[in-house]
Protein chains: 2
Amino acid sequence: MSTSEIYRTLPEQIAARLRQEVLSSKLKPGDPLREVDLSTRFGVSRGPVREAFRQLTQQGLLVLEPNKGVRVAQNPSVEVRPLVVRLRRTIETFVLESIFERITKEDIAQWEAILADIKSACLNNNVDALTEHDLRFHQAIIRSHDDKDLFALWQPIAMRMMMQYNRLDNIMDSYREHKRILDAIRSDDRAAAIAALETNIQ
Amino acid sequence: MSTSEIYRTLPEQIAARLRQEVLSSKLKPGDPLREVDLSTRFGVSRGPVREAFRQLTQQGLLVLEPNKGVRVAQNPSVEVRPLVVRLRRTIETFVLESIFERITKEDIAQWEAILADIKSACLNNNVDALTEHDLRFHQAIIRSHDDKDLFALWQPIAMRMMMQYNRLDNIMDSYREHKRILDAIRSDDRAAAIAALETNIQ
DNA sequence: CAAATGTACATTGTTGACAATTTTCCTCCG
DNA sequence: CGGAGGAAAATTGTCAACAATGTACATTTG
């Protein structure tokens, strides 16, 4: 999995690694994570590991019980999942509507690059890489909004959806869906872009 | 301000105290919080204070910059606020719809008690207490859902709304709005309950 | 004088030791 | 046997010392 992002701090690096393992189901819902195990594994003390746990808890990937440690969170229940979908759609369409006029060539170029990563992940049938780049695609859109707080609002919701990434029969559909979003943006078709985005979020 | 809830751990107690100070604007957006200041103030080491910072960051009340510490978060911008309102409405109406059939006498009794706290806060013109009990009211509804993860989803959104609690001309309106919700629930009028809830969230 | 550089100071990050809590599992007693 | 009680082990919580980083301010340099 390519490390396209730069994780500055030690806890961020640890959290990024653990997140990947949760999203790729190497760590399964309910699995306990032990501070000493991970601190020896990463060659650091327990402090940074604890901090990484807090970050992932914030993202909804881990659940923390005082004096008992953390476990990998359960997937959203069938009852709650439609709510999560609705929330994520609400945020992402809000952002896309909001930035639509001000999208720059640089924005599009950046999203294009991520789309290429999505494409190659699909071609290689690499679900883990696809999950990562899918996240990066939507993240990039959210982050292009001026209000940086939107990202904090979006992330835990999006993460809860990403924990069960088994929606598509044909993995290549993921590429097509994202391409449709970008094509609509490029041809300045706002309604089509929103529609494509909503199709992709489910 | 009554401490109707039990905060088990040290960081939770510290976080509860700081949250109150943020929500009551004793701490203002942009204010920096220093670990040593608070650790001496609360008579603990920096560890629990850091942990409290993480909890409040998760709730959207503080913003953390690596190697720079935390500051009180800015209020949602005028542009983003309608989004936050929509998100909170989506979650709370989802929960109310979802639990409506299974609401017990005990639930209603509990909400009744909180409504009484809201009433006395309004009568005493105590905005801080009102903020606290308003939060407790909605929190109690969310928490009555089986899926405990919903609370984690709801909290950061609700907190962002609570940071600017100056919507009502007449503080007593808050009591009336919550009473309307509870009355509708008691008379088993689902549509009215949802409508009253949406009226209250803005 | 303005910008760059250096240097002390303030603050957060990390570590390892110890304390408190939870879990495990053995023993005892019915 | 089976459950209650209680050590022992495992694990998380807290602390204080030290390291790394960022900030403020004086000093130099063009």
# chains A, B, ... in the order shown; residues from 1 in each chain; ligands from 1

$ interface_residues --of "chain D" --to "chain A" --cutoff "10 Å" --atoms "only C-alpha atoms (C1' of nucleotides)" --output "ChimeraX atom specification"
/D:11-13

$ interface_residues --of "chain A" --to "chain C" --cutoff "9 Å" --atoms "only C-alpha atoms (C1' of nucleotides)" --output "ChimeraX atom specification"
/A:44-48,67-68

$ interface_residues --of "chain B" --to "chain A" --cutoff "10 Å" --atoms "only C-alpha atoms" --output "JSON, numbers by chain"
{"B": [8, 9, 47, 50, 51, 54, 55, 57, 58, 59, 60, 63, 66, 67, 73, 74, 75, 76, 77, 79, 80, 82, 83, 84, 86, 87, 88, 90, 91, 94, 95, 98, 147, 149, 150, 152, 153, 156, 157, 160]}

$ residues_around --residues "stretch 189-193 of chain A" --least-positions-apart "4" --cutoff "12 Å" --atoms "only C-alpha atoms (C1' of nucleotides)" --output "ChimeraX atom specification"
/A:92-101,103,177-185,197-200

$ write_last_selection --atoms "C-alpha atoms" --output "PDB file, in the first residue's frame"
ATOM      1  CA  GLU A  92     -20.218  15.415   1.009  1.00  0.00           C
ATOM      2  CA  THR A  93     -22.922  16.900  -1.172  1.00  0.00           C
ATOM      3  CA  PHE A  94     -22.924  19.988   1.028  1.00  0.00           C
ATOM      4  CA  VAL A  95     -19.199  20.382   0.474  1.00  0.00           C
ATOM      5  CA  LEU A  96     -19.348  19.725  -3.255  1.00  0.00           C
ATOM      6  CA  GLU A  97     -22.199  22.207  -3.707  1.00  0.00           C
ATOM      7  CA  SER A  98     -20.351  24.687  -1.592  1.00  0.00           C
ATOM      8  CA  ILE A  99     -16.993  24.556  -3.356  1.00  0.00           C
ATOM      9  CA  PHE A 100     -18.313  23.895  -6.842  1.00  0.00           C
ATOM     10  CA  GLU A 101     -17.823  27.406  -8.209  1.00  0.00           C
ATOM     11  CA  ILE A 103     -12.880  24.363  -7.959  1.00  0.00           C
ATOM     12  CA  GLU A 177     -18.213   5.680 -10.106  1.00  0.00           C
ATOM     13  CA  HIS A 178     -15.397   7.999  -9.153  1.00  0.00           C
ATOM     14  CA  LYS A 179     -14.621   8.755 -12.771  1.00  0.00           C
ATOM     15  CA  ARG A 180     -18.248   9.780 -13.272  1.00  0.00           C
ATOM     16  CA  ILE A 181     -17.965  12.247 -10.394  1.00  0.00           C
ATOM     17  CA  LEU A 182     -14.821  13.786 -11.798  1.00  0.00           C
ATOM     18  CA  ASP A 183     -16.127  13.888 -15.365  1.00  0.00           C
ATOM     19  CA  ALA A 184     -19.217  15.753 -14.207  1.00  0.00           C
ATOM     20  CA  ILE A 185     -17.098  18.238 -12.296  1.00  0.00           C
ATOM     21  CA  LEU A 197     -21.418  11.379  -5.705  1.00  0.00           C
ATOM     22  CA  GLU A 198     -24.618  10.118  -4.102  1.00  0.00           C
ATOM     23  CA  THR A 199     -24.510   7.002  -6.236  1.00  0.00           C
ATOM     24  CA  ASN A 200     -21.017   6.329  -4.977  1.00  0.00           C
TER      25      ASN A 200
END

$ select_by_dssp --residues "stretch 20-163 of chain B" --states "strand (DSSP E)" --output "number ranges by chain"
B: 32-33, 62-65, 69-72

$ write_last_selection --atoms "N, CA and C atoms" --output "compact mmCIF listing (two decimals), in the first residue's frame"
# COMPACT_ATOMS: atom_id res chain seq x y z
N PRO B 32 -5.84 29.38 24.25
CA PRO B 32 -4.97 28.21 24.39
C PRO B 32 -5.10 27.60 25.78
N LEU B 33 -4.98 26.30 25.87
CA LEU B 33 -4.99 25.60 27.16
C LEU B 33 -3.63 24.97 27.38
N LEU B 62 -12.30 21.35 21.47
CA LEU B 62 -10.93 21.82 21.40
C LEU B 62 -10.35 21.42 20.06
N VAL B 63 -9.32 22.17 19.66
CA VAL B 63 -8.60 21.83 18.44
C VAL B 63 -7.15 21.61 18.81
N LEU B 64 -6.58 20.52 18.31
CA LEU B 64 -5.23 20.13 18.70
C LEU B 64 -4.27 20.32 17.54
N GLU B 65 -3.17 20.99 17.80
CA GLU B 65 -2.10 21.09 16.80
C GLU B 65 -0.85 20.46 17.38
N GLY B 69 -0.06 22.27 21.16
CA GLY B 69 -1.10 22.25 22.19
C GLY B 69 -2.50 22.42 21.64
N VAL B 70 -3.43 22.66 22.53
CA VAL B 70 -4.84 22.75 22.15
C VAL B 70 -5.37 24.16 22.37
N ARG B 71 -6.37 24.50 21.59
CA ARG B 71 -7.10 25.75 21.74
C ARG B 71 -8.59 25.44 21.75
N VAL B 72 -9.38 26.36 22.28
CA VAL B 72 -10.82 26.23 22.19
C VAL B 72 -11.22 26.40 20.73

$ atom_distance --atom1 "atom CA of A:Ile14" --atom2 "atom CA of B:Lys148"
26.7 Å

$ atom_distance --atom1 "atom CA of B:Ala140" --atom2 "atom CA of B:Ile114"
9.0 Å

$ atom_distance --atom1 "atom CA of A:Asp134" --atom2 "atom CA of A:Asp173"
12.0 Å

$ select_by_dssp --residues "chain A" --states "helix (DSSP H, G or I)" --output "PyMOL selection string"
chain A and resi 10-23+35-42+46-58+81-102+105-123+127-143+149-162+172-186+190-200

$ write_last_selection --atoms "C-alpha atoms" --output "tab-separated table (two decimals), in the first residue's frame"
chain	number	residue	atom	x	y	z
A	10	LEU	CA	4.84	9.20	15.91
A	11	PRO	CA	1.27	8.52	17.06
A	12	GLU	CA	0.00	9.43	13.60
A	13	GLN	CA	2.30	6.88	12.01
A	14	ILE	CA	1.16	4.21	14.42
A	15	ALA	CA	-2.48	5.15	13.95
A	16	ALA	CA	-2.11	5.06	10.16
A	17	ARG	CA	-0.71	1.57	10.32
A	18	LEU	CA	-3.38	0.30	12.68
A	19	ARG	CA	-6.11	1.94	10.64
A	20	GLN	CA	-4.95	0.10	7.58
A	21	GLU	CA	-5.08	-3.17	9.48
A	22	VAL	CA	-8.59	-2.46	10.71
A	23	LEU	CA	-9.88	-1.40	7.30
A	35	GLU	CA	-0.52	-1.36	24.63
A	36	VAL	CA	2.64	-3.32	25.40
A	37	ASP	CA	2.29	-5.56	22.35
A	38	LEU	CA	2.15	-2.60	20.03
A	39	SER	CA	4.75	-0.54	21.84
A	40	THR	CA	7.29	-3.34	21.51
A	41	ARG	CA	6.22	-3.95	17.92
A	42	PHE	CA	6.73	-0.31	16.96
A	46	ARG	CA	3.26	3.05	25.63
A	47	GLY	CA	2.60	6.77	25.44
A	48	PRO	CA	2.53	7.19	21.66
A	49	VAL	CA	0.56	3.97	21.32
A	50	ARG	CA	-2.06	5.26	23.72
A	51	GLU	CA	-2.24	8.48	21.73
A	52	ALA	CA	-2.72	6.49	18.52
A	53	PHE	CA	-5.54	4.59	20.24
A	54	ARG	CA	-7.23	7.90	21.08
A	55	GLN	CA	-7.00	9.05	17.47
A	56	LEU	CA	-8.51	5.85	16.16
A	57	THR	CA	-11.21	5.95	18.79
A	58	GLN	CA	-12.08	9.41	17.57
A	81	ARG	CA	-26.10	1.81	8.38
A	82	PRO	CA	-28.70	3.74	6.32
A	83	LEU	CA	-28.32	6.61	8.79
A	84	VAL	CA	-24.56	6.65	8.32
A	85	VAL	CA	-25.03	6.69	4.56
A	86	ARG	CA	-27.44	9.58	4.83
A	87	LEU	CA	-25.09	11.54	7.07
A	88	ARG	CA	-22.14	11.03	4.79
A	89	ARG	CA	-24.14	12.01	1.73
A	90	THR	CA	-25.36	15.12	3.51
A	91	ILE	CA	-21.84	16.26	4.31
A	92	GLU	CA	-20.22	15.41	1.01
A	93	THR	CA	-22.92	16.90	-1.17
A	94	PHE	CA	-22.92	19.99	1.03
A	95	VAL	CA	-19.20	20.38	0.47
A	96	LEU	CA	-19.35	19.73	-3.25
A	97	GLU	CA	-22.20	22.21	-3.71
A	98	SER	CA	-20.35	24.69	-1.59
A	99	ILE	CA	-16.99	24.56	-3.36
A	100	PHE	CA	-18.31	23.90	-6.84
A	101	GLU	CA	-17.82	27.41	-8.21
A	102	ARG	CA	-14.33	27.67	-6.81
A	105	LYS	CA	-7.43	23.21	-12.13
A	106	GLU	CA	-5.08	22.20	-9.33
A	107	ASP	CA	-7.94	20.59	-7.41
A	108	ILE	CA	-8.98	18.60	-10.44
A	109	ALA	CA	-5.41	17.59	-11.18
A	110	GLN	CA	-5.04	16.30	-7.65
A	111	TRP	CA	-8.28	14.33	-7.80
A	112	GLU	CA	-7.23	13.00	-11.20
A	113	ALA	CA	-4.06	11.61	-9.66
A	114	ILE	CA	-6.02	9.86	-6.93
A	115	LEU	CA	-8.42	8.50	-9.54
A	116	ALA	CA	-5.43	6.98	-11.30
A	117	ASP	CA	-4.47	5.26	-8.04
A	118	ILE	CA	-8.04	3.98	-7.73
A	119	LYS	CA	-7.87	2.67	-11.27
A	120	SER	CA	-4.67	0.74	-10.76
A	121	ALA	CA	-5.93	-0.64	-7.47
A	122	CYS	CA	-9.01	-1.92	-9.31
A	123	LEU	CA	-6.94	-3.38	-12.13
A	127	VAL	CA	-9.07	-4.17	-2.28
A	128	ASP	CA	-6.89	-2.73	0.48
A	129	ALA	CA	-5.31	-0.19	-1.83
A	130	LEU	CA	-8.73	0.61	-3.25
A	131	THR	CA	-10.08	1.31	0.22
A	132	GLU	CA	-7.16	3.63	0.91
A	133	HIS	CA	-7.45	5.60	-2.33
A	134	ASP	CA	-11.24	5.72	-2.18
A	135	LEU	CA	-10.88	7.36	1.22
A	136	ARG	CA	-8.21	9.73	-0.12
A	137	PHE	CA	-10.49	10.78	-2.99
A	138	HIS	CA	-13.34	11.83	-0.76
A	139	GLN	CA	-10.97	13.25	1.81
A	140	ALA	CA	-9.43	15.47	-0.83
A	141	ILE	CA	-12.83	16.88	-1.71
A	142	ILE	CA	-13.73	17.56	1.90
A	143	ARG	CA	-10.35	19.14	2.56
A	149	ASP	CA	-13.55	21.60	10.78
A	150	LEU	CA	-15.67	19.84	8.17
A	151	PHE	CA	-13.03	17.16	7.91
A	152	ALA	CA	-13.31	16.38	11.61
A	153	LEU	CA	-17.07	16.14	11.22
A	154	TRP	CA	-16.84	13.90	8.17
A	155	GLN	CA	-14.10	11.49	9.17
A	156	PRO	CA	-15.79	9.40	11.87
A	157	ILE	CA	-18.86	8.99	9.68
A	158	ALA	CA	-16.90	7.98	6.60
A	159	MET	CA	-14.73	5.58	8.61
A	160	ARG	CA	-17.78	3.74	9.87
A	161	MET	CA	-18.81	3.14	6.27
A	162	MET	CA	-15.37	2.02	5.20
A	172	MET	CA	-13.98	-1.98	-11.35
A	173	ASP	CA	-17.30	-0.27	-10.63
A	174	SER	CA	-15.56	1.75	-7.96
A	175	TYR	CA	-13.29	3.29	-10.58
A	176	ARG	CA	-16.24	4.02	-12.86
A	177	GLU	CA	-18.21	5.68	-10.11
A	178	HIS	CA	-15.40	8.00	-9.15
A	179	LYS	CA	-14.62	8.76	-12.77
A	180	ARG	CA	-18.25	9.78	-13.27
A	181	ILE	CA	-17.97	12.25	-10.39
A	182	LEU	CA	-14.82	13.79	-11.80
A	183	ASP	CA	-16.13	13.89	-15.37
A	184	ALA	CA	-19.22	15.75	-14.21
A	185	ILE	CA	-17.10	18.24	-12.30
A	186	ARG	CA	-14.89	18.81	-15.32
A	190	ARG	CA	-23.22	20.36	-10.87
A	191	ALA	CA	-26.34	18.25	-10.73
A	192	ALA	CA	-24.63	15.33	-12.42
A	193	ALA	CA	-21.69	15.60	-10.06
A	194	ILE	CA	-23.93	15.52	-7.00
A	195	ALA	CA	-25.88	12.61	-8.43
A	196	ALA	CA	-22.71	10.67	-9.18
A	197	LEU	CA	-21.42	11.38	-5.71
A	198	GLU	CA	-24.62	10.12	-4.10
A	199	THR	CA	-24.51	7.00	-6.24
A	200	ASN	CA	-21.02	6.33	-4.98
